[in-house]
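Comments concern the structure below.
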Amino acid sequence: MSTSSATTPTRAQQPLPTCTRLPQVFQHPLVEEPPTSAARSSDRREYAGLVATAAATCQTCPLVVSCLYRAVVEHDVVGFAGGTTARQREDIRRRLGVTVRPEDFDTLAGVVGGGHVDHDEVLRLRAAHPDESLEVLAGRLGCSLSTVKRHLRRERVTPSAARDSAPRPRLAQVLAAAAEVAGSNRTASCAA
């Protein structure tokens, strides 16, 4: 019998993010797409109230630090995450020199044809079906044979691991940049 389950919490034992208790705030259309300066003043006031509630909620969350790091370094999420707005996270990334590729939902959903072909998907399909011809792979992807060849050639010349090996910022760097951008030590104090 293994004792690892006694030391490693199961998914059910891990704390839930506090934002899951307030979907009406974190998934509000104004939070996900902030009003412009030309928007009605009532919308801007409502947005400010929603952001204040979201910020207070994030301060009490046991996962705020990891949420902030992932939202800055790993995922380009919309709305309020890790105690920051999308605009603040963009500023943090700029200060740290971090580039996060936006999610390509068409590729994730399997939509093909007439659009961008995801490089990683070409490589994944090739690895999953090494005996299939490139023409068959192109058919699966909904693209031309030359597109598949171009992606495979790109991988041979500069492997993804070499391209994507830019060092990630340390957690302390992300927290410091977030504190500068937010104009307070609120996020940095959550780490203590």
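Letters A, B, ... go to the chains of the structure tokens in the order shown; residues in each chain start at 1; ligands are counted from 1 in the same order.
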### helix (DSSP H, G or I) positions in range 46-166 of chain A, given as a PyMOL selection string
chain A and resi 46-59+64-73+86-96+105-109+119-128+134-141+145-157+160-163
### Message
Using only C-alpha atoms, which protein or nucleic acid residues come within 9 Å of range 144-149 of chain A? Drop anything in the same chain fewer than 3 positions from it, and give the result as a list in words.
### Response
Val117, His119, Val122, Leu134, Glu135, Val136, Leu137, Ala138, Gly139, Leu141, Leu152, Arg153 and Arg154 of chain A
Residues as selected, C-alpha atoms, written as a compact mmCIF listing (two decimals), in the first residue's frame, can you do that?
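As written to disk, out-v3.txt reads:
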```
# COMPACT_ATOMS: atom_id res chain seq x y z
CA VAL A 117 -2.61 25.65 -38.91
CA HIS A 119 2.54 24.10 -35.61
CA VAL A 122 1.14 19.29 -37.14
CA LEU A 134 2.02 13.78 -45.57
CA GLU A 135 -0.95 14.09 -47.93
CA VAL A 136 -3.15 12.24 -45.42
CA LEU A 137 -1.90 14.49 -42.60
CA ALA A 138 -2.70 17.55 -44.70
CA GLY A 139 -6.20 16.18 -45.21
CA LEU A 141 -5.49 19.24 -40.82
CA LEU A 152 8.03 19.85 -40.50
CA ARG A 153 10.97 21.66 -42.12
CA ARG A 154 10.72 24.44 -39.54
```
### Task
Show which residues sit within 10 Å of Ala182 in chain A, as JSON, numbers by chain. Count only C-alpha atoms, and ignore same-chain residues fewer than 6 positions away.
{"A": [83, 84, 85, 88, 89, 91, 92, 176]}
If you keep N, CA and C atoms, can you produce a file of those selected residues as a PDB file, in the first residue's frame?
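Dumped everything to again.pdb:
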```
ATOM      1  N   GLY A  83      -5.549  38.545  -8.999  1.00  0.00           N
ATOM      2  CA  GLY A  83      -5.549  39.893  -8.438  1.00  0.00           C
ATOM      3  C   GLY A  83      -5.237  40.988  -9.443  1.00  0.00           C
ATOM      4  N   THR A  84      -5.286  40.680 -10.738  1.00  0.00           N
ATOM      5  CA  THR A  84      -4.946  41.667 -11.768  1.00  0.00           C
ATOM      6  C   THR A  84      -5.952  41.650 -12.914  1.00  0.00           C
ATOM      7  N   THR A  85      -6.037  42.781 -13.588  1.00  0.00           N
ATOM      8  CA  THR A  85      -6.843  42.870 -14.797  1.00  0.00           C
ATOM      9  C   THR A  85      -5.992  42.410 -15.987  1.00  0.00           C
ATOM     10  N   GLN A  88      -3.360  44.984 -16.740  1.00  0.00           N
ATOM     11  CA  GLN A  88      -2.235  44.944 -15.798  1.00  0.00           C
ATOM     12  C   GLN A  88      -1.293  43.778 -16.116  1.00  0.00           C
ATOM     13  N   ARG A  89      -1.864  42.633 -16.471  1.00  0.00           N
ATOM     14  CA  ARG A  89      -1.016  41.488 -16.819  1.00  0.00           C
ATOM     15  C   ARG A  89      -0.202  41.765 -18.077  1.00  0.00           C
ATOM     16  N   ASP A  91       0.933  44.656 -18.936  1.00  0.00           N
ATOM     17  CA  ASP A  91       2.009  45.541 -18.479  1.00  0.00           C
ATOM     18  C   ASP A  91       3.087  44.748 -17.731  1.00  0.00           C
ATOM     19  N   ILE A  92       2.670  43.801 -16.911  1.00  0.00           N
ATOM     20  CA  ILE A  92       3.630  42.955 -16.175  1.00  0.00           C
ATOM     21  C   ILE A  92       4.473  42.165 -17.170  1.00  0.00           C
ATOM     22  N   ALA A 176       6.973  41.143  -7.865  1.00  0.00           N
ATOM     23  CA  ALA A 176       7.495  42.510  -7.796  1.00  0.00           C
ATOM     24  C   ALA A 176       6.922  43.370  -8.920  1.00  0.00           C
TER      25      ALA A 176
END
```
### Task
Please provide as a ChimeraX atom specification all residues within 10 Å of range 62-74 of chain A, with the sequence filter that same-chain residues fewer than 3 positions apart are discarded (counting only C-alpha atoms).
/A:15-19,57-59,77-78,80-84,86,88-93,96,98-102,168-175,178,187-192
Requested write-out: N, CA and C atoms of the selected residues, as a compact mmCIF listing (two decimals), in the first residue's frame:
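Output file out.txt follows:
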```
# COMPACT_ATOMS: atom_id res chain seq x y z
N PRO A 15 -7.53 23.14 -2.13
CA PRO A 15 -8.45 24.28 -1.97
C PRO A 15 -8.96 24.75 -3.33
N LEU A 16 -10.20 25.17 -3.34
CA LEU A 16 -10.79 25.74 -4.55
C LEU A 16 -10.48 27.23 -4.60
N PRO A 17 -10.28 27.76 -5.79
CA PRO A 17 -10.10 29.21 -5.88
C PRO A 17 -11.37 29.92 -5.41
N THR A 18 -11.20 30.99 -4.67
CA THR A 18 -12.37 31.70 -4.14
C THR A 18 -13.21 32.32 -5.26
N CYS A 19 -12.62 32.56 -6.41
CA CYS A 19 -13.37 33.14 -7.52
C CYS A 19 -14.49 32.23 -8.01
N THR A 57 -11.69 39.60 -3.30
CA THR A 57 -11.84 38.14 -3.31
C THR A 57 -10.50 37.46 -3.52
N CYS A 58 -9.73 37.96 -4.48
CA CYS A 58 -8.41 37.38 -4.75
C CYS A 58 -7.48 37.48 -3.54
N GLN A 59 -7.59 38.58 -2.77
CA GLN A 59 -6.73 38.74 -1.60
C GLN A 59 -6.93 37.64 -0.58
N VAL A 77 -5.22 34.85 -20.36
CA VAL A 77 -6.63 34.74 -19.98
C VAL A 77 -7.28 36.12 -20.03
N VAL A 78 -8.58 36.13 -20.20
CA VAL A 78 -9.32 37.38 -20.19
C VAL A 78 -9.84 37.62 -18.79
N PHE A 80 -10.39 39.11 -14.93
CA PHE A 80 -9.63 39.33 -13.71
C PHE A 80 -9.07 38.00 -13.24
N ALA A 81 -7.76 37.93 -13.02
CA ALA A 81 -7.13 36.69 -12.55
C ALA A 81 -5.90 37.03 -11.73
N GLY A 82 -5.72 36.31 -10.65
CA GLY A 82 -4.53 36.51 -9.82
C GLY A 82 -4.42 37.92 -9.25
N GLY A 83 -5.55 38.54 -9.00
CA GLY A 83 -5.55 39.89 -8.44
C GLY A 83 -5.24 40.99 -9.44
N THR A 84 -5.29 40.68 -10.74
CA THR A 84 -4.95 41.67 -11.77
C THR A 84 -5.95 41.65 -12.91
N ALA A 86 -6.64 42.18 -17.11
CA ALA A 86 -5.91 41.77 -18.31
C ALA A 86 -4.89 42.84 -18.71
N GLN A 88 -3.36 44.98 -16.74
CA GLN A 88 -2.23 44.94 -15.80
C GLN A 88 -1.29 43.78 -16.12
N ARG A 89 -1.86 42.63 -16.47
CA ARG A 89 -1.02 41.49 -16.82
C ARG A 89 -0.20 41.76 -18.08
N GLU A 90 -0.79 42.47 -19.04
CA GLU A 90 -0.03 42.86 -20.24
C GLU A 90 1.15 43.73 -19.85
N ASP A 91 0.93 44.66 -18.94
CA ASP A 91 2.01 45.54 -18.48
C ASP A 91 3.09 44.75 -17.73
N ILE A 92 2.67 43.80 -16.91
CA ILE A 92 3.63 42.95 -16.18
C ILE A 92 4.47 42.16 -17.17
N ARG A 93 3.83 41.58 -18.17
CA ARG A 93 4.57 40.81 -19.18
C ARG A 93 5.57 41.70 -19.92
N LEU A 96 8.60 42.30 -17.82
CA LEU A 96 9.42 41.10 -17.64
C LEU A 96 9.91 40.50 -18.95
N VAL A 98 8.03 38.90 -21.10
CA VAL A 98 7.34 37.62 -21.26
C VAL A 98 6.35 37.73 -22.43
N THR A 99 6.36 36.72 -23.27
CA THR A 99 5.40 36.64 -24.36
C THR A 99 4.57 35.38 -24.17
N VAL A 100 3.26 35.55 -24.14
CA VAL A 100 2.36 34.43 -24.01
C VAL A 100 1.48 34.41 -25.24
N ARG A 101 1.50 33.28 -25.93
CA ARG A 101 0.69 33.15 -27.14
C ARG A 101 -0.77 32.97 -26.74
N PRO A 102 -1.67 33.75 -27.34
CA PRO A 102 -3.09 33.58 -27.02
C PRO A 102 -3.57 32.18 -27.40
N ARG A 168 11.87 31.44 -18.00
CA ARG A 168 10.68 32.03 -17.39
C ARG A 168 11.12 32.89 -16.22
N PRO A 169 10.38 33.95 -15.97
CA PRO A 169 10.73 34.76 -14.80
C PRO A 169 10.44 33.99 -13.51
N ARG A 170 11.19 34.31 -12.49
CA ARG A 170 10.96 33.69 -11.18
C ARG A 170 9.69 34.28 -10.57
N LEU A 171 9.11 33.56 -9.65
CA LEU A 171 7.89 34.01 -8.98
C LEU A 171 8.10 35.38 -8.33
N ALA A 172 9.24 35.57 -7.68
CA ALA A 172 9.51 36.86 -7.02
C ALA A 172 9.52 38.01 -8.03
N GLN A 173 10.02 37.77 -9.23
CA GLN A 173 10.02 38.81 -10.27
C GLN A 173 8.61 39.16 -10.69
N VAL A 174 7.76 38.14 -10.86
CA VAL A 174 6.37 38.38 -11.25
C VAL A 174 5.65 39.16 -10.15
N LEU A 175 5.86 38.77 -8.90
CA LEU A 175 5.21 39.46 -7.78
C LEU A 175 5.68 40.91 -7.67
N ALA A 178 4.11 42.86 -10.48
CA ALA A 178 2.68 43.05 -10.20
C ALA A 178 2.47 44.14 -9.17
N THR A 187 -0.33 42.33 -3.76
CA THR A 187 -0.05 41.01 -4.31
C THR A 187 1.20 40.43 -3.67
N ALA A 188 2.22 41.26 -3.47
CA ALA A 188 3.46 40.77 -2.86
C ALA A 188 3.22 40.31 -1.43
N SER A 189 2.31 40.99 -0.70
CA SER A 189 2.04 40.59 0.67
C SER A 189 1.32 39.25 0.73
N CYS A 190 0.61 38.89 -0.34
CA CYS A 190 -0.09 37.59 -0.36
C CYS A 190 0.89 36.44 -0.38
N ALA A 191 2.10 36.67 -0.86
CA ALA A 191 3.10 35.60 -0.94
C ALA A 191 3.72 35.31 0.41
N ALA A 192 3.66 36.28 1.31
CA ALA A 192 4.31 36.11 2.62
C ALA A 192 3.54 35.20 3.54
```
### Task
Just give me the gap between CA of Thr53 in chain A and CA of Val31 in chain A in Å, one decimal is fine.
10.9 Å
### Task
Between A:Cys61, A:Ala38, A:Ala54, A:Val181, single out the one closest to Gly79 in chain A, counting only C-alpha atoms.
A:Ala54
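Our summary of the geometry notes that CA of Gln24 in chain A is positioned 26.4 Å from CA of Ala179 in chain A.
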